[in-house]
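The file query-v2.csv comes next; it holds CSV, C-alpha atoms.
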chain,number,residue,atom,x,y,z
A,1,GLY,CA,0.0,0.0,0.0
A,2,GLU,CA,0.9,3.7,0.3
A,3,ASP,CA,3.3,3.0,3.2
A,4,ARG,CA,5.6,1.1,0.8
A,5,ARG,CA,6.4,4.1,-1.2
A,6,ILE,CA,9.8,5.5,-1.0
A,7,ASP,CA,10.0,9.1,-2.1
A,8,VAL,CA,13.3,9.5,-3.8
A,9,THR,CA,14.9,12.0,-6.0
A,10,VAL,CA,18.4,10.6,-6.6
A,11,PRO,CA,20.6,13.6,-5.9
A,12,TYR,CA,22.8,13.3,-8.9
A,13,ASP,CA,23.8,15.8,-11.5
A,14,PRO,CA,21.6,14.5,-14.3
A,15,GLU,CA,24.1,15.6,-17.0
A,16,ALA,CA,27.5,15.1,-15.6
A,17,PRO,CA,29.2,18.1,-17.3
A,18,ASP,CA,32.7,16.7,-17.0
A,19,LYS,CA,31.9,14.4,-19.9
A,20,GLN,CA,28.4,15.1,-21.0
A,21,ALA,CA,28.7,17.3,-24.0
A,22,GLN,CA,29.8,15.7,-27.2
A,23,GLN,CA,33.1,16.9,-28.6
A,24,SER,CA,33.3,17.3,-32.3
A,25,THR,CA,35.4,14.6,-33.8
A,26,HIS,CA,39.0,15.3,-34.7
A,27,THR,CA,38.3,14.5,-38.4
A,28,VAL,CA,38.2,17.4,-40.8
A,29,SER,CA,34.9,18.0,-42.4
A,30,ALA,CA,34.5,19.2,-46.0
A,31,ARG,CA,33.3,22.5,-44.6
A,32,GLN,CA,36.6,22.9,-42.7
A,33,LEU,CA,38.5,22.6,-45.9
A,34,SER,CA,36.7,25.7,-47.2
A,35,LEU,CA,37.7,27.7,-44.0
A,36,PRO,CA,40.8,29.9,-43.8
A,37,SER,CA,43.8,27.7,-43.0
A,38,ALA,CA,44.8,30.0,-40.2
A,39,ALA,CA,41.5,29.3,-38.4
A,40,VAL,CA,41.9,25.6,-38.9
A,41,ARG,CA,45.4,25.8,-37.4
A,42,GLU,CA,44.1,27.6,-34.3
A,43,TYR,CA,41.4,25.0,-33.9
A,44,ARG,CA,43.9,22.1,-34.2
A,45,GLU,CA,46.2,23.8,-31.7
A,46,ALA,CA,43.2,24.2,-29.4
A,47,LEU,CA,42.5,20.4,-29.6
A,48,ALA,CA,46.1,19.7,-28.7
A,49,LEU,CA,45.9,22.1,-25.7
A,50,LEU,CA,42.7,20.4,-24.5
A,51,GLU,CA,44.5,17.0,-24.6
A,52,ARG,CA,47.1,18.6,-22.2
A,53,HIS,CA,44.3,20.1,-20.0
A,54,GLN,CA,45.4,23.7,-20.9
A,55,VAL,CA,41.8,24.8,-21.1
A,56,GLU,CA,42.2,28.6,-20.9
A,57,GLU,CA,44.7,28.7,-23.7
A,58,ALA,CA,42.5,26.4,-25.7
A,59,ILE,CA,39.6,28.8,-25.3
A,60,ARG,CA,41.7,31.7,-26.6
A,61,ARG,CA,42.7,29.7,-29.7
A,62,LEU,CA,39.0,28.7,-30.3
A,63,GLU,CA,38.0,32.3,-30.0
A,64,ARG,CA,40.6,33.3,-32.5
A,65,ALA,CA,39.4,30.5,-34.8
A,66,VAL,CA,35.8,31.8,-34.8
A,67,LYS,CA,37.0,35.3,-35.3
A,68,LEU,CA,38.9,34.3,-38.4
A,69,ALA,CA,36.0,32.0,-39.6
A,70,PRO,CA,32.6,32.8,-38.0
A,71,ARG,CA,31.1,29.8,-39.8
A,72,PHE,CA,33.5,27.4,-38.0
A,73,VAL,CA,30.8,25.1,-36.4
A,74,GLU,CA,33.2,22.7,-34.8
A,75,ALA,CA,35.0,25.5,-33.0
A,76,TRP,CA,31.7,27.0,-31.7
A,77,ASN,CA,30.8,23.5,-30.5
A,78,HIS,CA,34.0,23.1,-28.6
A,79,LEU,CA,33.6,26.6,-27.0
A,80,GLY,CA,30.1,25.4,-25.9
A,81,THR,CA,31.4,22.1,-24.6
A,82,ILE,CA,34.1,23.8,-22.5
A,83,ALA,CA,31.6,26.3,-21.2
A,84,TYR,CA,29.3,23.4,-20.3
A,85,GLN,CA,32.0,21.6,-18.4
A,86,GLN,CA,32.8,24.8,-16.5
A,87,ARG,CA,29.1,25.1,-15.7
A,88,ARG,CA,28.8,28.4,-17.6
A,89,PHE,CA,25.5,27.2,-19.0
A,90,GLU,CA,24.4,30.5,-20.5
A,91,ASP,CA,27.6,30.8,-22.5
A,92,ALA,CA,27.3,27.1,-23.6
A,93,GLU,CA,23.7,27.7,-24.8
A,94,LYS,CA,24.9,30.8,-26.8
A,95,PHE,CA,27.8,28.9,-28.4
A,96,PHE,CA,25.7,25.9,-29.4
A,97,ARG,CA,23.0,28.2,-30.8
A,98,THR,CA,25.6,30.1,-32.8
A,99,ALA,CA,26.9,26.9,-34.3
A,100,LEU,CA,23.3,26.1,-35.3
A,101,GLU,CA,22.8,29.5,-36.9
A,102,HIS,CA,25.7,28.7,-39.2
A,103,GLU,CA,24.6,25.2,-39.9
A,104,PRO,CA,21.0,24.5,-39.0
A,105,GLY,CA,20.4,20.9,-38.1
A,106,SER,CA,24.0,20.1,-37.4
A,107,TYR,CA,23.8,17.1,-35.1
A,108,VAL,CA,26.5,17.6,-32.4
A,109,PRO,CA,25.5,21.2,-31.4
A,110,THR,CA,21.8,20.1,-31.5
A,111,VAL,CA,22.3,17.2,-29.1
A,112,ASN,CA,24.5,19.4,-26.9
A,113,LEU,CA,21.9,22.2,-26.8
A,114,GLY,CA,19.3,19.7,-25.9
A,115,GLY,CA,21.5,18.7,-22.9
A,116,VAL,CA,22.1,22.2,-21.7
A,117,LEU,CA,18.4,23.1,-21.8
A,118,ILE,CA,17.6,20.0,-19.6
A,119,THR,CA,20.4,20.9,-17.2
A,120,VAL,CA,19.0,24.4,-16.7
A,121,GLY,CA,15.4,23.1,-16.3
A,122,ARG,CA,13.9,24.4,-19.6
A,123,TYR,CA,12.3,21.0,-20.4
A,124,GLU,CA,9.6,22.2,-22.8
A,125,GLU,CA,12.2,24.1,-24.8
A,126,ALA,CA,14.6,21.2,-24.8
A,127,LEU,CA,12.2,18.7,-26.2
A,128,PRO,CA,12.2,19.6,-29.9
A,129,TYR,CA,16.1,19.4,-29.9
A,130,ASN,CA,16.2,16.1,-28.2
A,131,LEU,CA,13.5,14.7,-30.4
A,132,TYR,CA,15.4,15.9,-33.5
A,133,ALA,CA,18.6,14.3,-32.2
A,134,VAL,CA,17.0,10.9,-31.7
A,135,GLN,CA,15.4,11.1,-35.2
A,136,LYS,CA,18.7,11.9,-36.7
A,137,GLU,CA,20.9,9.5,-34.7
A,138,PRO,CA,18.7,6.8,-33.2
A,139,ARG,CA,21.8,4.7,-32.4
A,140,ASP,CA,23.4,7.4,-30.2
A,141,ALA,CA,22.9,6.4,-26.6
A,142,LEU,CA,23.4,10.1,-25.5
A,143,ALA,CA,20.5,11.2,-27.7
A,144,GLN,CA,18.2,8.4,-26.4
A,145,ALA,CA,19.2,9.1,-22.7
A,146,GLN,CA,18.6,12.8,-23.1
A,147,LEU,CA,15.2,12.4,-24.7
A,148,GLY,CA,14.3,9.9,-21.9
A,149,LYS,CA,15.3,12.3,-19.2
A,150,ASN,CA,13.5,15.1,-21.0
A,151,TYR,CA,10.2,13.1,-20.9
A,152,LEU,CA,10.9,12.1,-17.3
A,153,ARG,CA,11.2,15.8,-16.2
A,154,LEU,CA,8.0,16.5,-18.1
A,155,GLY,CA,6.3,13.7,-16.2
A,156,LYS,CA,5.7,11.6,-19.3
A,157,LEU,CA,6.9,8.3,-17.9
A,158,ASP,CA,6.0,5.9,-20.7
A,159,PRO,CA,8.1,7.5,-23.4
A,160,ALA,CA,10.8,8.2,-20.8
A,161,LEU,CA,11.0,4.5,-20.0
A,162,GLN,CA,11.1,3.6,-23.7
A,163,HIS,CA,14.0,5.9,-24.6
A,164,LEU,CA,16.0,5.3,-21.4
A,165,ASN,CA,15.8,1.5,-22.0
A,166,GLU,CA,17.0,2.1,-25.5
A,167,ALA,CA,19.9,4.1,-24.3
A,168,LYS,CA,20.8,1.3,-21.9
A,169,ARG,CA,20.5,-1.3,-24.6
A,170,LEU,CA,22.8,0.7,-26.9
A,171,ASP,CA,25.4,1.4,-24.2
A,172,PRO,CA,24.8,-0.1,-20.7
A,173,ASP,CA,27.9,1.7,-19.4
A,174,HIS,CA,26.9,5.1,-20.8
A,175,PHE,CA,28.1,8.1,-18.8
A,176,SER,CA,24.5,9.5,-18.6
A,177,PHE,CA,23.7,6.7,-16.2
A,178,PRO,CA,20.3,5.7,-17.7
A,179,GLN,CA,19.9,3.2,-14.8
A,180,LEU,CA,19.4,6.1,-12.3
A,181,SER,CA,16.6,7.7,-14.3
A,182,LEU,CA,15.0,4.3,-14.9
A,183,ALA,CA,15.1,3.6,-11.1
A,184,GLU,CA,13.5,7.0,-10.5
A,185,ILE,CA,10.6,6.1,-12.9
A,186,TYR,CA,10.1,2.7,-11.1
A,187,LEU,CA,10.1,4.4,-7.7
A,188,ARG,CA,7.5,6.9,-8.8
A,189,ARG,CA,5.4,3.9,-9.9
A,190,GLY,CA,5.9,2.1,-6.7
A,191,ASP,CA,7.8,-0.8,-8.4
A,192,LEU,CA,10.5,-1.2,-5.8
A,193,SER,CA,12.0,-4.5,-7.1
A,194,GLN,CA,12.5,-3.0,-10.6
A,195,ALA,CA,14.1,0.1,-9.1
A,196,ALA,CA,16.4,-2.1,-7.0
A,197,THR,CA,17.4,-4.0,-10.1
A,198,GLU,CA,18.4,-0.7,-11.9
A,199,PHE,CA,20.3,0.5,-8.8
A,200,GLU,CA,22.2,-2.8,-8.6
A,201,ASP,CA,23.1,-2.6,-12.3
A,202,PHE,CA,24.4,0.9,-11.8
A,203,LEU,CA,26.6,-0.1,-8.9
A,204,LYS,CA,28.0,-3.0,-10.7
A,205,ARG,CA,29.0,-0.8,-13.6
A,206,HIS,CA,30.0,2.3,-11.7
A,207,PRO,CA,31.1,1.3,-8.2
A,208,ASP,CA,33.2,4.4,-7.8
A,209,ALA,CA,30.8,7.0,-9.2
A,210,ALA,CA,30.1,10.1,-7.0
A,211,GLN,CA,26.5,8.8,-6.7
A,212,ALA,CA,27.4,5.3,-5.6
A,213,ALA,CA,27.2,5.9,-1.8
A,214,THR,CA,23.7,7.5,-2.1
A,215,VAL,CA,22.5,4.7,-4.3
A,216,ARG,CA,23.7,2.1,-1.8
A,217,GLU,CA,21.6,4.0,0.9
A,218,TYR,CA,18.5,3.8,-1.3
A,219,LEU,CA,19.1,0.1,-1.9
A,220,LYS,CA,19.2,-0.5,1.8
A,221,LYS,CA,16.0,1.4,2.3
A,222,ILE,CA,14.3,-0.6,-0.5
A,223,LYS,CA,15.4,-3.9,0.9
A,224,THR,CA,14.0,-3.1,4.4
A,225,GLN,CA,10.6,-2.2,3.0
Just give me the structure as structure tokens.
Amino acid sequence: GEDRRIDVTVPYDPEAPDKQAQQSTHTVSARQLSLPSAAVREYREALALLERHQVEEAIRRLERAVKLAPRFVEAWNHLGTIAYQQRRFEDAEKFFRTALEHEPGSYVPTVNLGGVLITVGRYEEALPYNLYAVQKEPRDALAQAQLGKNYLRLGKLDPALQHLNEAKRLDPDHFSFPQLSLAEIYLRRGDLSQAATEFEDFLKRHPDAAQAATVREYLKKIKTQ
């Protein structure tokens, strides 16, 4: 009955910014070939600096790249990714939107913008971007997980379940932790055993995650119900 309900909001950062946003790949697109070579040089240097964790210098190079080539979508995306990781969400949104102004429908800035809008709680606004991302790349676990979380935050549990399960099927170890969102749905529905299964799966895959201690506490609570 009602007394069996455990009210839980798993206190985890739903989009772990340290690795959430998708980097553009290191490959050179056809568009890059049409950009000024000086801009591409700055961009490549920025990538090398990021590998060495020299973030501030990388930002300066990327800013130079977009000054030299305002249509440089990959450079805008990287600026957005770094801003996201530094929790400068307004800047991140602005950079991803700028990328999309220059190339409407570009996949990586779209999925990243969908992630930022979820992080800042603008779920209605995020939904079209996350829907588009899943339509464009249904096999990307990040897109499926984000759309699932988007539906969860909007209280639409059936589609949330569908897309989070698909994310987990595509990549059970994915850094978006679909298991935690699935557990949240099952808890809301009072299905404790299913929630416990998801929590256990999460702990098996990510025993050292920041959320692991809290998840162990919840499991203990569920088991004593």
Using only C-alpha atoms for the distances, tell me which of A:Val40, A:Ala196, A:Leu157, A:Val55 is nearest to Gln85 of chain A. A:Val55
Which protein, DNA or RNA residues have an atom at most 12 Å from (21.4, 22.2, -17.4), counting all atoms listed in the file? List them as a compact mmCIF listing (two decimals) with C-alpha atoms, keeping the file's coordinate frame.
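Result went into selection_5.txt, see below:
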# COMPACT_ATOMS: atom_id res chain seq x y z
CA ASP A 13 23.80 15.80 -11.50
CA PRO A 14 21.60 14.50 -14.30
CA GLU A 15 24.10 15.60 -17.00
CA ALA A 16 27.50 15.10 -15.60
CA PRO A 17 29.20 18.10 -17.30
CA GLN A 20 28.40 15.10 -21.00
CA ALA A 21 28.70 17.30 -24.00
CA ALA A 83 31.60 26.30 -21.20
CA TYR A 84 29.30 23.40 -20.30
CA GLN A 85 32.00 21.60 -18.40
CA GLN A 86 32.80 24.80 -16.50
CA ARG A 87 29.10 25.10 -15.70
CA ARG A 88 28.80 28.40 -17.60
CA PHE A 89 25.50 27.20 -19.00
CA GLU A 90 24.40 30.50 -20.50
CA ASP A 91 27.60 30.80 -22.50
CA ALA A 92 27.30 27.10 -23.60
CA GLU A 93 23.70 27.70 -24.80
CA ASN A 112 24.50 19.40 -26.90
CA LEU A 113 21.90 22.20 -26.80
CA GLY A 114 19.30 19.70 -25.90
CA GLY A 115 21.50 18.70 -22.90
CA VAL A 116 22.10 22.20 -21.70
CA LEU A 117 18.40 23.10 -21.80
CA ILE A 118 17.60 20.00 -19.60
CA THR A 119 20.40 20.90 -17.20
CA VAL A 120 19.00 24.40 -16.70
CA GLY A 121 15.40 23.10 -16.30
CA ARG A 122 13.90 24.40 -19.60
CA TYR A 123 12.30 21.00 -20.40
CA GLU A 125 12.20 24.10 -24.80
CA ALA A 126 14.60 21.20 -24.80
CA GLN A 146 18.60 12.80 -23.10
CA LYS A 149 15.30 12.30 -19.20
CA ASN A 150 13.50 15.10 -21.00
Please work out which residues fall within 12 Å of (15.9, 2.6, -21.1), coordinates as given in the file, with all atoms listed in the file counting, and return them as an mmCIF file with C-alpha atoms, keeping the file's coordinate frame.
data_model
loop_
_atom_site.group_PDB
_atom_site.id
_atom_site.type_symbol
_atom_site.label_atom_id
_atom_site.label_comp_id
_atom_site.auth_asym_id
_atom_site.auth_seq_id
_atom_site.Cartn_x
_atom_site.Cartn_y
_atom_site.Cartn_z
ATOM 1 C CA ALA A 141 22.900 6.400 -26.600
ATOM 2 C CA LEU A 142 23.400 10.100 -25.500
ATOM 3 C CA ALA A 143 20.500 11.200 -27.700
ATOM 4 C CA GLN A 144 18.200 8.400 -26.400
ATOM 5 C CA ALA A 145 19.200 9.100 -22.700
ATOM 6 C CA GLN A 146 18.600 12.800 -23.100
ATOM 7 C CA LEU A 147 15.200 12.400 -24.700
ATOM 8 C CA GLY A 148 14.300 9.900 -21.900
ATOM 9 C CA LYS A 149 15.300 12.300 -19.200
ATOM 10 C CA TYR A 151 10.200 13.100 -20.900
ATOM 11 C CA LEU A 152 10.900 12.100 -17.300
ATOM 12 C CA LEU A 157 6.900 8.300 -17.900
ATOM 13 C CA ASP A 158 6.000 5.900 -20.700
ATOM 14 C CA PRO A 159 8.100 7.500 -23.400
ATOM 15 C CA ALA A 160 10.800 8.200 -20.800
ATOM 16 C CA LEU A 161 11.000 4.500 -20.000
ATOM 17 C CA GLN A 162 11.100 3.600 -23.700
ATOM 18 C CA HIS A 163 14.000 5.900 -24.600
ATOM 19 C CA LEU A 164 16.000 5.300 -21.400
ATOM 20 C CA ASN A 165 15.800 1.500 -22.000
ATOM 21 C CA GLU A 166 17.000 2.100 -25.500
ATOM 22 C CA ALA A 167 19.900 4.100 -24.300
ATOM 23 C CA LYS A 168 20.800 1.300 -21.900
ATOM 24 C CA ARG A 169 20.500 -1.300 -24.600
ATOM 25 C CA LEU A 170 22.800 0.700 -26.900
ATOM 26 C CA ASP A 171 25.400 1.400 -24.200
ATOM 27 C CA PRO A 172 24.800 -0.100 -20.700
ATOM 28 C CA HIS A 174 26.900 5.100 -20.800
ATOM 29 C CA SER A 176 24.500 9.500 -18.600
ATOM 30 C CA PHE A 177 23.700 6.700 -16.200
ATOM 31 C CA PRO A 178 20.300 5.700 -17.700
ATOM 32 C CA GLN A 179 19.900 3.200 -14.800
ATOM 33 C CA LEU A 180 19.400 6.100 -12.300
ATOM 34 C CA SER A 181 16.600 7.700 -14.300
ATOM 35 C CA LEU A 182 15.000 4.300 -14.900
ATOM 36 C CA ALA A 183 15.100 3.600 -11.100
ATOM 37 C CA GLU A 184 13.500 7.000 -10.500
ATOM 38 C CA ILE A 185 10.600 6.100 -12.900
ATOM 39 C CA TYR A 186 10.100 2.700 -11.100
ATOM 40 C CA GLU A 198 18.400 -0.700 -11.900
#
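The space separating atom CA of Arg44 of chain A from atom CA of Ala58 of chain A comes to 9.6 Å.
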Hey, what's within 12 Å of Ala99 of chain A if we count only C-alpha atoms and toss same-chain stuff fewer than 5 positions away? As a list of chain:residue names, please? A:Ser24, A:Val66, A:Ala69, A:Pro70, A:Arg71, A:Phe72, A:Val73, A:Glu74, A:Ala75, A:Trp76, A:Asn77, A:His78, A:Leu79, A:Gly80, A:Thr81, A:Ala92, A:Glu93, A:Lys94, A:Pro104, A:Gly105, A:Ser106, A:Tyr107, A:Val108, A:Pro109, A:Thr110, A:Val111, A:Asn112, A:Leu113
Closest of A:Leu192, A:Ala65, A:Leu154, A:Leu100 to Tyr43 of chain A - atom-to-atom distances counting all atoms listed in the file: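 When distances to Tyr43 of chain A are compared using all atoms listed in the file, the smallest one comes from A:Ala65.
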What does the distance between atom CA of Lys204 of chain A and atom CA of Asp173 of chain A come to in Å, to one decimal place?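 Taking atom CA of Lys204 of chain A as the start and atom CA of Asp173 of chain A as the end point, the length is 9.9 Å.
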Length of the atom CA of Leu219 of chain A to atom CA of His206 of chain A vector [Å]: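 One can read the atom CA of Leu219 of chain A to atom CA of His206 of chain A distance as 14.8 Å.
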In terms of the shortest atom-to-atom distance over only C-alpha atoms, which of A:Ala210, A:Leu187, A:Leu131, A:Leu62 is closest to Leu47 of chain A?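 Going through A:Ala210, A:Leu187, A:Leu131, A:Leu62 one by one, the smallest distance to Leu47 of chain A is for A:Leu62.
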